[in-house]
Amino acid sequence: MRPVRALLLVAVLAGCGTPPGLSQASPPARPTVAFTTPVASTGSASGVPVTPSPDGPWTPSPKLLFAVTESPSYYATPNTVAIVGMDGYARAKAKFTPTQGAYVPDAAVIIQEPVQVVGDRAYYIDGNGVIRVLKVGASPAIVATFTQKPTQYATWFAVRPDGAGVLAGVLSFPAIGPTTPGSPWPEMIGGYKFDLKSSPVGGPAVTLAHREASTVDIDSVTTWRPIFPVAWTADGAVVMYPVHVITQDSWYGGPLYVVDSYGKEIRELGGEGCNSSSLTPGGLVACSGETVTIRDQVGKAVWATNVEGYSSWQVRVSPDGRGISNGYQVETRDLGTIALPVGFIVEGWLDSHTVIGRVNYTNSAGNLGWISLSSPKKIHDLGFKGDFISTVRS
């Protein structure tokens with residue numbers, strides 16, 4: 001979010017207050033990225049990751065590539081995707097009509113990141129529901145189209161590992177009407193509609209499931225829940241059934257299931273009582289709660305962490321499954337809790353020894369930068385403002 005920053009995350013949990021980085025009036029900050037100030041890499045010239053030693057901290061491979069998003073202003077949603085190197089230069093870049101998410105009174109709708117990385121490619125969705133693919137050395141190409149409008153829609157999607165198809169969950173929210181007399185909030189007109197759709201690359205989208213609710217409060221609907229694709233395994237797509245669809249506070253995600261090509265459940269992931277919003281590349285599930293528990297797919301506990309798990313969209317697990325962050329806390333099984341510079345918000349992992357993120361200020365954020373966990377007080381500035389999505393296979 002980040003997220004899953006991984007994942008179209010929507011939800012409501014009763015409670016007061018707003019978690020750090022989330023405003024009921026504004027989306028999470030996504031400052032501008034400008035790929036104009038490269039910085040020298042300090043890694044090995046051979047491209048082989050540097051092994052930790054008494055003489056210096058771990059350094060990620062200088063050949064590593066990763067996907068980022070950029071925004072036209074601090075509070076705006078992303079309108080640019082890029083594949084970037086450790087020198088701060090973009091190897092590939094594309095602009096798109098931004099997704100605007102949806103508005104509901106006095107609550108927040110947390111949308112999935114508009115970019116998903118599969119292998120060496122970054123797939124991104126625009127506000128009209130068009131999914132394109134960006135790859136180094138190639139022009140962007142349309143992969144699938146799930147027709148929608150830029151506003152009052154939440155679309156989650158996942159791409160097959162071979163890039164041959166896309167599964168999408170499209171939820172439309174009530175329209176925004178005039179302000180209700182005596183209330184600061186506008187009237188919501190109409191109900192909710194949901195479609196689970198599948199599309200082969202370049203082919204027409206097929207509707208696998210359709211649901212409607214006349215009420216404007218989807219959390220009162222007990223007959224069905226949206227189905228949000230979040231990942232893919234060898235057995236099929238992985239979807240999440242969100243416990244809640246709008247949020248005033250924390251959000252735990254929901255139970256994960258593997259589904260077949262028709263959207264039918266094959267099996268649950270993470271075991272009973274596990275709510276999550278993502279699946280690691282190694283197949284582990286980070287179950288949300290007072291603290292995050294890492295489980296395997298059948299529900300066996302692998303690691304009981306000390307990291308708070310109230311905001312599932314911020315939980316990121318390292319590639320080897322031995323490190324975790326919720327944006328504000330970092331813990332590894334080998335080093336325990338690690339203190340990072342004040343204000344640094346982790347957005348993901350470059351490798352199992354390196355986190356990446358930004359320092360957040362009151363109304364702005366700093367450049368994207370990485371931190372070696374063997375030298376956690378030093379931020380290595382990448383020279384541009386952007387938000388990390390995921391590493392890209394070169």
# chains A, B, ... in the order shown; residues from 1 in each chain; ligands from 1
call {"tool": "residues_around", "arguments": {"residues": "His244 (chain A)", "least_positions_apart": "4", "cutoff": "12 Å", "atoms": "only C-alpha atoms", "output": "PyMOL selection string"}}
result
chain A and resi 9-14+107-110+217-222+224-227+240+248-255+275
call {"tool": "residues_around", "arguments": {"residues": "region 267-270 of chain A", "least_positions_apart": "5", "cutoff": "9 Å", "atoms": "only C-alpha atoms", "output": "MDAnalysis selection string"}}
result
chainID A and resid 238 255:259 275:276 284:287 294:301
call {"tool": "closest_residue", "arguments": {"among": "A:Pro242, A:Ile176, A:Trp58, A:Tyr74", "to": "Tyr361 (chain A)", "atoms": "only C-alpha atoms"}}
result
A:Tyr74
call {"tool": "closest_residue", "arguments": {"among": "A:Ser183, A:Thr69, A:Ser139, A:Thr223", "to": "Asp106 (chain A)", "atoms": "only C-alpha atoms"}}
result
A:Ser183
call {"tool": "residues_around", "arguments": {"residues": "Val359 (chain A)", "least_positions_apart": "2", "cutoff": "10 Å", "atoms": "only C-alpha atoms", "output": "VMD selection string"}}
result
chain A and resid 341 to 346 357 361 364 to 369 379
call {"tool": "atom_distance", "arguments": {"atom1": "CA of Gln329 (chain A)", "atom2": "CA of Gly101 (chain A)"}}
result
27.5 Å
call {"tool": "residues_around", "arguments": {"residues": "Ser325 (chain A)", "least_positions_apart": "2", "cutoff": "10 Å", "atoms": "only C-alpha atoms", "output": "MDAnalysis selection string"}}
result
chainID A and resid 292 305 307:309 314:318 323 327:332 337:338 345:349 355
call {"tool": "residues_around", "arguments": {"residues": "Pro150 (chain A)", "least_positions_apart": "5", "cutoff": "6 Å", "atoms": "only C-alpha atoms", "output": "PyMOL selection string"}}
result
chain A and resi 99-100+127-128
call {"tool": "write_last_selection", "arguments": {"atoms": "C-alpha atoms", "output": "PDB file, in the first residue's frame"}}
result
ATOM      1  CA  THR A  99      -7.632   7.472 -10.329  1.00  0.00           C
ATOM      2  CA  GLN A 100      -9.578   9.604  -7.872  1.00  0.00           C
ATOM      3  CA  GLY A 127      -9.052   6.831 -13.936  1.00  0.00           C
ATOM      4  CA  ASN A 128     -11.026   5.363 -16.833  1.00  0.00           C
TER       5      ASN A 128
END
call {"tool": "select_by_dssp", "arguments": {"residues": "region 35-170 of chain A", "states": "strand (DSSP E or B)", "output": "PyMOL selection string"}}
result
chain A and resi 50+53+56+59+65-70+80-85+90-95+108+115-118+121-125+130-135+138-145+153-159+165-170
call {"tool": "residues_around", "arguments": {"residues": "Gly169 (chain A)", "least_positions_apart": "5", "cutoff": "9 Å", "atoms": "only C-alpha atoms", "output": "list in words"}}
result
Leu8, Ala154, Thr155, Trp156, Phe157, Phe194, Asp195, Leu196, Lys197, Ser198, Pro226, Ile227, Phe228 and Pro229 of chain A
call {"tool": "atom_distance", "arguments": {"atom1": "CA of Asp381 (chain A)", "atom2": "CA of Leu340 (chain A)"}}
result
14.6 Å
